[in-house]
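Student: File name final-v7.txt; file contents compact mmCIF, C-alpha atoms and all ligand atoms; full text below.
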# COMPACT_ATOMS: atom_id res chain seq x y z
CA MET A 1 0.00 0.00 0.00
CA GLN A 2 1.06 3.58 -0.63
CA VAL A 3 -0.06 5.49 2.44
CA LEU A 4 -0.05 9.23 3.07
CA ILE A 5 -0.39 10.19 6.74
CA THR A 6 -1.17 13.80 7.60
CA GLY A 7 -0.08 14.77 11.11
CA ALA A 8 2.71 12.18 10.86
CA ALA A 9 4.93 14.11 13.29
CA GLY A 10 2.07 14.07 15.80
CA PHE A 11 1.62 11.49 18.55
CA ILE A 12 -0.72 9.02 16.82
CA GLY A 13 0.64 9.63 13.29
CA PHE A 14 4.18 8.84 14.42
CA HIS A 15 3.24 5.47 15.92
CA LEU A 16 1.00 4.58 12.98
CA ALA A 17 3.73 5.43 10.47
CA LEU A 18 6.23 3.15 12.25
CA ALA A 19 3.74 0.27 12.39
CA LEU A 20 2.75 0.55 8.71
CA LYS A 21 6.36 0.80 7.63
CA LYS A 22 7.20 -2.27 9.72
CA ARG A 23 4.62 -4.37 7.89
CA GLY A 24 5.99 -3.29 4.51
CA ASP A 25 3.74 -0.42 3.37
CA THR A 26 5.21 2.66 1.73
CA VAL A 27 4.57 5.60 4.05
CA ILE A 28 4.81 9.31 3.31
CA GLY A 29 4.17 11.76 6.12
CA LEU A 30 3.00 15.36 6.04
CA ASP A 31 3.01 17.84 8.92
CA ASN A 32 3.30 21.59 9.43
CA PHE A 33 5.15 21.24 12.78
CA ASN A 34 3.03 23.97 14.36
CA ALA A 35 3.76 25.30 17.83
CA TYR A 36 0.55 24.19 19.61
CA TYR A 37 2.96 22.15 21.74
CA ASP A 38 6.76 21.97 21.63
CA PRO A 39 7.66 21.53 17.93
CA GLN A 40 10.96 19.99 19.05
CA LEU A 41 9.05 16.86 20.09
CA LYS A 42 7.49 16.73 16.61
CA ARG A 43 10.94 17.19 15.02
CA GLU A 44 12.31 14.33 17.10
CA ARG A 45 9.47 12.04 16.02
CA ALA A 46 10.00 13.05 12.37
CA LYS A 47 13.71 12.38 12.68
CA ILE A 48 13.00 8.82 13.79
CA LEU A 49 10.56 8.33 10.90
CA LYS A 50 13.22 9.55 8.47
CA THR A 51 15.79 7.15 9.89
CA HIS A 52 13.27 4.40 9.09
CA GLY A 53 13.33 5.53 5.47
CA MET A 54 10.12 7.58 5.42
CA GLU A 55 9.73 10.86 3.58
CA ILE A 56 8.23 13.66 5.68
CA VAL A 57 6.84 16.63 3.76
CA GLU A 58 6.69 19.88 5.73
CA ALA A 59 3.46 21.52 4.57
CA ASP A 60 0.04 22.68 5.64
CA ILE A 61 -3.02 20.56 4.80
CA ARG A 62 -4.61 23.71 3.36
CA ASP A 63 -2.07 23.61 0.52
CA GLN A 64 -4.43 21.70 -1.76
CA PRO A 65 -2.32 21.86 -4.96
CA LEU A 66 0.64 20.36 -3.10
CA ILE A 67 -1.51 17.55 -1.73
CA GLU A 68 -2.97 16.86 -5.19
CA GLN A 69 0.57 16.67 -6.58
CA LEU A 70 1.63 14.25 -3.83
CA LEU A 71 -1.35 11.97 -4.46
CA GLN A 72 -0.57 11.85 -8.18
CA LYS A 73 3.18 11.54 -7.99
CA LYS A 74 3.27 8.93 -5.22
CA GLU A 75 0.20 6.97 -6.40
CA ILE A 76 -1.32 7.10 -2.93
CA SER A 77 -3.87 4.34 -2.24
CA HIS A 78 -4.75 5.30 1.37
CA PHE A 79 -5.06 8.80 2.81
CA ILE A 80 -4.89 8.71 6.60
CA HIS A 81 -5.93 12.12 7.82
CA LEU A 82 -4.79 12.74 11.39
CA ALA A 83 -3.61 16.37 11.13
CA ALA A 84 -5.92 18.58 13.13
CA GLN A 85 -5.97 21.16 15.87
CA ALA A 86 -6.52 18.90 18.88
CA GLY A 87 -7.39 19.74 22.49
CA VAL A 88 -10.67 20.70 24.12
CA ARG A 89 -9.38 23.52 26.32
CA HIS A 90 -7.54 25.38 23.56
CA SER A 91 -10.75 25.47 21.52
CA LEU A 92 -12.26 27.82 24.10
CA ILE A 93 -9.37 30.26 23.65
CA ALA A 94 -8.51 29.94 19.95
CA PRO A 95 -11.51 28.65 17.95
CA ASN A 96 -10.04 30.00 14.71
CA ASP A 97 -7.18 27.50 14.89
CA TYR A 98 -9.86 24.79 14.64
CA VAL A 99 -11.58 26.53 11.73
CA ALA A 100 -8.25 26.65 9.87
CA SER A 101 -7.11 23.05 10.35
CA ASN A 102 -10.25 21.07 11.16
CA LEU A 103 -12.68 22.73 8.75
CA GLN A 104 -10.75 24.52 5.98
CA GLY A 105 -7.92 21.96 6.05
CA PHE A 106 -10.33 19.04 6.15
CA VAL A 107 -12.21 20.24 3.07
CA SER A 108 -8.97 20.94 1.24
CA VAL A 109 -7.74 17.33 1.70
CA LEU A 110 -11.14 15.93 0.67
CA GLU A 111 -11.11 18.10 -2.45
CA ALA A 112 -7.70 16.68 -3.31
CA CYS A 113 -8.86 13.10 -2.62
CA ARG A 114 -12.03 13.25 -4.69
CA LYS A 115 -9.92 13.96 -7.78
CA HIS A 116 -8.01 10.76 -7.14
CA PRO A 117 -10.39 7.85 -7.90
CA GLY A 118 -10.19 4.71 -5.77
CA ILE A 119 -8.37 6.33 -2.87
CA LYS A 120 -9.52 5.35 0.63
CA PHE A 121 -9.91 8.21 3.10
CA ILE A 122 -9.59 7.36 6.81
CA PHE A 123 -9.78 10.22 9.29
CA ALA A 124 -9.53 10.97 13.01
CA SER A 125 -12.74 11.86 14.73
CA SER A 126 -13.10 11.96 18.51
CA SER A 127 -15.10 10.82 21.52
CA SER A 128 -15.79 14.58 21.90
CA VAL A 129 -18.57 14.25 19.33
CA TYR A 130 -20.68 12.57 22.05
CA GLY A 131 -20.89 15.88 23.93
CA LEU A 132 -23.91 15.89 26.23
CA ASN A 133 -24.83 12.28 25.43
CA GLU A 134 -25.59 10.66 28.78
CA LYS A 135 -26.24 7.08 27.72
CA ILE A 136 -23.23 4.90 28.41
CA PRO A 137 -21.37 3.26 26.86
CA PHE A 138 -21.29 5.67 23.90
CA SER A 139 -22.49 3.90 20.78
CA THR A 140 -22.02 5.04 17.18
CA GLU A 141 -25.83 4.70 17.01
CA ASP A 142 -26.29 7.42 19.66
CA PRO A 143 -27.19 10.98 18.62
CA THR A 144 -24.17 13.29 18.45
CA ASP A 145 -25.78 16.65 17.83
CA ARG A 146 -25.07 18.28 21.22
CA PRO A 147 -21.30 18.97 21.42
CA THR A 148 -20.01 20.65 24.60
CA ASN A 149 -17.09 22.42 22.95
CA PHE A 150 -15.96 23.77 19.60
CA TYR A 151 -13.34 21.05 19.09
CA GLY A 152 -16.07 18.39 19.31
CA ALA A 153 -18.25 20.42 16.96
CA THR A 154 -15.49 20.51 14.31
CA LYS A 155 -14.97 16.74 14.63
CA LYS A 156 -18.69 16.15 14.17
CA ALA A 157 -18.58 18.51 11.16
CA ASN A 158 -15.80 16.32 9.73
CA GLU A 159 -18.01 13.25 9.93
CA LEU A 160 -20.87 15.06 8.20
CA ILE A 161 -18.65 16.53 5.48
CA ALA A 162 -17.02 13.14 4.86
CA HIS A 163 -20.46 11.58 4.48
CA ALA A 164 -21.41 14.22 1.91
CA TYR A 165 -18.23 13.49 -0.09
CA HIS A 166 -19.04 9.80 -0.01
CA HIS A 167 -22.58 10.47 -1.17
CA LEU A 168 -21.60 12.94 -3.90
CA TYR A 169 -18.41 11.43 -5.27
CA GLY A 170 -18.39 7.82 -4.03
CA LEU A 171 -15.24 8.50 -1.96
CA ALA A 172 -14.61 5.67 0.55
CA VAL A 173 -14.56 7.33 3.98
CA THR A 174 -13.99 5.91 7.47
CA GLY A 175 -14.13 8.06 10.61
CA LEU A 176 -12.47 6.80 13.78
CA ARG A 177 -13.62 8.20 17.10
CA PHE A 178 -10.54 7.97 19.33
CA PHE A 179 -10.98 7.92 23.11
CA THR A 180 -8.21 9.63 25.20
CA VAL A 181 -5.14 8.10 23.59
CA TYR A 182 -1.97 7.93 25.71
CA GLY A 183 1.49 6.40 25.63
CA PRO A 184 5.18 7.02 24.95
CA TRP A 185 5.90 10.03 22.69
CA GLY A 186 2.50 11.36 23.80
CA ARG A 187 1.04 14.84 23.69
CA PRO A 188 2.34 17.20 26.40
CA ASP A 189 -0.99 19.09 26.55
CA MET A 190 -2.90 16.03 27.80
CA ALA A 191 -3.71 15.50 31.49
CA TYR A 192 -1.72 12.27 32.05
CA TYR A 193 1.40 13.93 30.57
CA ARG A 194 0.98 17.21 32.47
CA PHE A 195 0.33 15.34 35.74
CA CYS A 196 3.48 13.31 35.22
CA GLU A 197 5.57 16.44 34.63
CA LYS A 198 4.08 18.23 37.63
CA ILE A 199 4.45 15.31 40.02
CA CYS A 200 8.12 15.06 39.03
CA ARG A 201 8.65 18.78 39.63
CA GLY A 202 6.75 18.76 42.93
CA GLU A 203 4.12 21.16 41.55
CA PRO A 204 0.37 20.84 42.28
CA ILE A 205 -1.81 19.03 39.77
CA GLN A 206 -5.22 20.49 39.01
CA LEU A 207 -8.17 18.14 39.35
CA PHE A 208 -11.32 19.61 37.89
CA ASN A 209 -14.79 18.78 39.20
CA GLN A 210 -12.97 17.79 42.44
CA GLY A 211 -11.45 14.89 40.48
CA ASN A 212 -14.85 13.32 39.84
CA MET A 213 -14.34 12.45 36.21
CA ALA A 214 -13.59 9.28 34.32
CA ARG A 215 -11.95 8.69 30.96
CA ASP A 216 -11.78 5.67 28.67
CA PHE A 217 -7.97 5.85 28.40
CA THR A 218 -6.79 3.91 25.34
CA TYR A 219 -3.20 2.82 24.82
CA ILE A 220 -1.50 3.94 21.62
CA ASP A 221 -0.67 0.41 20.38
CA ASP A 222 -4.34 -0.58 20.62
CA ILE A 223 -5.31 2.55 18.66
CA VAL A 224 -2.71 1.78 15.97
CA ARG A 225 -4.07 -1.78 15.64
CA GLY A 226 -7.57 -0.31 15.24
CA ILE A 227 -6.47 2.18 12.55
CA ILE A 228 -4.67 -0.54 10.61
CA ALA A 229 -7.76 -2.78 10.79
CA ALA A 230 -9.84 0.11 9.39
CA ILE A 231 -7.30 0.59 6.58
CA ASP A 232 -7.47 -3.12 5.73
CA LEU A 233 -11.28 -3.17 5.87
CA GLY A 234 -11.52 -0.27 3.41
CA ALA A 235 -15.24 0.25 4.12
CA PRO A 236 -17.26 2.48 1.77
CA CYS A 237 -18.61 4.71 4.57
CA GLU A 238 -18.34 3.90 8.28
CA ILE A 239 -17.78 5.40 11.72
CA PHE A 240 -16.09 3.39 14.47
CA ASN A 241 -15.35 3.92 18.16
CA LEU A 242 -11.77 3.13 19.13
CA GLY A 243 -11.71 3.12 22.92
CA ASN A 244 -10.61 0.81 25.70
CA HIS A 245 -14.21 0.13 26.81
CA GLN A 246 -13.14 0.65 30.43
CA PRO A 247 -13.49 4.12 31.93
CA VAL A 248 -11.06 4.85 34.78
CA PRO A 249 -11.57 7.58 37.42
CA LEU A 250 -9.11 10.45 37.14
CA LEU A 251 -8.03 9.89 40.74
CA ARG A 252 -7.00 6.33 39.87
CA LEU A 253 -4.87 7.71 37.02
CA VAL A 254 -3.10 9.91 39.59
CA GLU A 255 -2.55 6.95 41.93
CA ILE A 256 -0.96 4.86 39.17
CA LEU A 257 1.34 7.74 38.22
CA GLU A 258 2.34 8.15 41.88
CA GLU A 259 3.16 4.44 42.09
CA ARG A 260 5.23 4.48 38.90
CA LEU A 261 7.05 7.71 39.78
CA GLU A 262 7.41 6.75 43.46
CA LYS A 263 6.38 10.26 44.38
CA LYS A 264 3.20 11.76 45.87
CA ALA A 265 1.15 14.24 43.87
CA ILE A 266 0.01 17.54 45.37
CA ARG A 267 -3.70 17.54 44.57
CA GLN A 268 -5.46 20.83 43.89
CA PHE A 269 -9.22 20.31 43.64
CA LEU A 270 -11.07 22.74 41.40
CA PRO A 271 -14.61 23.17 39.99
CA MET A 272 -15.71 21.69 36.67
CA GLN A 273 -14.20 23.38 33.62
CA PRO A 274 -16.46 24.66 30.86
CA GLY A 275 -16.60 22.37 27.83
CA GLU A 276 -15.61 19.20 29.76
CA VAL A 277 -17.71 16.05 30.20
CA LEU A 278 -17.92 13.77 33.25
CA THR A 279 -17.28 10.44 31.59
CA THR A 280 -16.25 8.91 28.29
CA TYR A 281 -16.92 5.24 27.65
CA ALA A 282 -16.74 3.55 24.25
CA ASP A 283 -19.18 0.92 23.10
CA ILE A 284 -16.89 -1.12 20.84
CA GLU A 285 -19.25 -3.92 19.79
CA LYS A 286 -19.23 -2.75 16.14
CA SER A 287 -15.44 -2.27 16.13
CA GLN A 288 -14.98 -5.75 17.60
CA ARG A 289 -17.27 -7.27 14.99
CA LEU A 290 -16.00 -5.46 11.86
CA LEU A 291 -12.43 -4.58 12.77
CA GLY A 292 -11.56 -7.37 15.21
CA PHE A 293 -10.71 -4.54 17.63
CA HIS A 294 -9.89 -5.95 21.07
CA PRO A 295 -7.85 -3.53 23.20
CA ARG A 296 -5.25 -5.44 25.20
CA VAL A 297 -3.32 -2.91 27.28
CA SER A 298 -4.51 -1.95 30.78
CA LEU A 299 -3.97 1.58 32.10
CA GLU A 300 -1.47 0.21 34.63
CA GLU A 301 0.64 -1.42 31.92
CA GLY A 302 0.29 1.45 29.44
CA LEU A 303 1.28 4.09 32.00
CA ALA A 304 4.29 2.00 33.00
CA HIS A 305 5.45 2.23 29.36
CA PHE A 306 4.70 5.96 29.28
CA VAL A 307 6.55 6.74 32.52
CA GLU A 308 9.54 4.67 31.41
CA TRP A 309 9.72 6.69 28.17
CA PHE A 310 9.11 9.98 30.00
CA GLN A 311 11.96 9.38 32.43
CA ARG A 312 14.30 8.28 29.66
CA SER A 313 13.51 11.36 27.54
CA LEU A 314 13.87 13.61 30.60
CA ASN A 315 17.35 12.23 31.26
CA HIS A 316 18.14 12.58 27.59
CA SER A 317 17.09 16.26 27.44
CA THR A 318 18.83 17.10 30.73
CA ALA A 319 21.98 15.51 29.34
CA ALA A 320 21.56 17.52 26.13
CA GLU A 321 21.08 20.77 28.10
CA ASN A 322 24.21 20.06 30.10
CA ARG A 323 26.33 19.49 27.00
N1 LIG B 401 -4.71 11.86 21.27
C1 LIG B 401 -6.01 11.72 21.57
O1 LIG B 401 -6.37 11.37 22.69
C2 LIG B 401 -7.07 11.98 20.54
C3 LIG B 401 -8.40 11.73 20.89
C4 LIG B 401 -9.40 11.96 19.94
C5 LIG B 401 -9.07 12.40 18.67
N2 LIG B 401 -7.77 12.65 18.36
C6 LIG B 401 -7.47 13.12 17.00
O2 LIG B 401 -6.46 12.31 16.45
C7 LIG B 401 -5.62 13.07 15.57
C8 LIG B 401 -4.18 12.93 15.99
O3 LIG B 401 -4.05 13.38 17.33
P1 LIG B 401 -2.67 13.43 18.13
O4 LIG B 401 -2.99 13.15 19.54
O5 LIG B 401 -1.66 12.63 17.41
O6 LIG B 401 -2.37 14.98 18.01
P2 LIG B 401 -1.02 15.76 17.62
O7 LIG B 401 -1.32 17.20 17.85
O8 LIG B 401 0.13 15.15 18.31
O9 LIG B 401 -0.90 15.46 16.07
C9 LIG B 401 -1.48 16.25 15.07
C10 LIG B 401 -0.38 16.69 14.11
O10 LIG B 401 -1.00 17.41 13.04
C11 LIG B 401 -0.20 18.52 12.70
N3 LIG B 401 -1.06 19.55 12.13
C12 LIG B 401 -2.03 20.25 12.78
N4 LIG B 401 -2.61 21.14 11.94
C13 LIG B 401 -1.99 20.97 10.73
C14 LIG B 401 -2.13 21.60 9.46
N5 LIG B 401 -3.00 22.59 9.28
N6 LIG B 401 -1.35 21.17 8.44
C15 LIG B 401 -0.45 20.18 8.62
N7 LIG B 401 -0.25 19.57 9.82
C16 LIG B 401 -1.01 19.96 10.86
C17 LIG B 401 0.44 18.95 14.01
O11 LIG B 401 1.68 19.63 13.81
C18 LIG B 401 0.64 17.62 14.74
O12 LIG B 401 1.95 17.12 14.55
C19 LIG B 401 -6.16 14.49 15.62
O13 LIG B 401 -7.04 14.66 14.54
C20 LIG B 401 -6.91 14.53 16.94
O14 LIG B 401 -7.94 15.51 16.93
C21 LIG B 401 -6.76 12.44 19.26
The structure given in the file should be rewritten as structure tokens.

Tutor:
Amino acid sequence: MQVLITGAAGFIGFHLALALKKRGDTVIGLDNFNAYYDPQLKRERAKILKTHGMEIVEADIRDQPLIEQLLQKKEISHFIHLAAQAGVRHSLIAPNDYVASNLQGFVSVLEACRKHPGIKFIFASSSSVYGLNEKIPFSTEDPTDRPTNFYGATKKANELIAHAYHHLYGLAVTGLRFFTVYGPWGRPDMAYYRFCEKICRGEPIQLFNQGNMARDFTYIDDIVRGIIAAIDLGAPCEIFNLGNHQPVPLLRLVEILEERLEKKAIRQFLPMQPGEVLTTYADIEKSQRLLGFHPRVSLEEGLAHFVEWFQRSLNHSTAAENR
């Protein structure tokens, strides 16, 4: 397969690229290395991808002519669209970043893809589309028309726009609703990563809604297996949940980090933040049935891998600073 991954220098794109390359696919990555979080981390991921023989194009997804050229020149069979402005909290401060990447950028890549017959388009959606949905676990059959934040609204818009492109042009589209993905090389803006940093530094960690929240934390390797299964299925038009199917209270996440780091956290309890939801919980019956998706990694095991990587990279950067 000839696969183009947008957001390849991002957390999920990086791991997916390595896994696809390992099984023998040709992988080309694209990323604009923006400064939403430390671009150095993105550069380090890209460097590793390059050492594995992958080409990484530095470009914005809104550059439609460039993407059209890439699709033609490289005879791309699968377009894996992961580039987006992520993060719930940031969407309250900078909604236009989401308009640029998640709406304008999304349409620009679809416009490029529809001119390239036979291509399969697989894109990242999010558990955030469930918004105010109270029925648990969250099923892809549940209504998703009440988002609680602008990020979720743009991800829902992506699903609707992709459906329209399928209907109009016969483009094969698959949307994957990821649930709180974590692991080595993760995103520094996410709670598990920030907590880890703050516990190490002896700084207080902020627990919103007095810590009474739960998330369906899903380990990166399970997510990568799910994405690859969706690539191999090549469905005409589907939406899948990719989650661990096991929500864990936030306070348990903190306990596991304390155990792994052998250090107590300073807990700062705060009220609920606007835009947040109490629980996420994926119903994965459809993903099990059609993708053979069976998450294997517990939060305890996954966080052990994360903390091991975190401590190694901390030592590495301290050593680099001291040089
Ligand atoms: N990590 C999660 O828990 C999670 C959960 C639900 C959905 N998602 C979605 O999965 C996808 C990947 O997430 P991630 O955690 O790897 O995030 P990430 O921020 O690490 O990766 C996204 C990458 O896309 C790039 N990018 C952003 N806008 C771009 C643009 N306009 N042009 C080119 N490149 C651009 C960024 O530089 C970044 O490297 C995103 O679409 C995100 O919304 C992630």

Student: Please return as a VMD selection string the residues found within 8 Å of ligand LIG 401 (chain B), counting only C-alpha atoms and all ligand atoms.

Tutor: chain A and resid 6 to 14 30 to 37 39 42 58 to 62 81 to 87 100 to 102 105 123 to 128 155 177 to 182 186 to 187 190 218

Student: What separation in Å, quoted to one decimal, exists between atom CA of A:Leu299 and atom CA of A:Gly202?

Tutor: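 Answer for the atom CA of A:Leu299 to atom CA of A:Gly202 separation: 23.0 Å.
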
Student: Take the point (-2.3, -0.5, 23.9) as written in the file and pick out every residue within 8 Å of it, counting only C-alpha atoms; give the list as a ChimeraX atom specification.

Tutor: /A:218-223,295-298,302

Student: Give the answer as one residue: which of A:Phe121, A:Phe269, A:Tyr151, A:Phe306 has the shortest atom-to-atom distance to A:Gly183, using all atoms listed in the file?

Tutor: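 Selected residue with least distance to A:Gly183: A:Phe306.
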
Student: Can you work out which one of A:Ser91, A:Gln311, A:Gln273, A:Thr280 has the shortest atom-to-atom distance to A:Ser139, counting only C-alpha atoms?

Tutor: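 Smallest separation from A:Ser139 among the options: A:Thr280.
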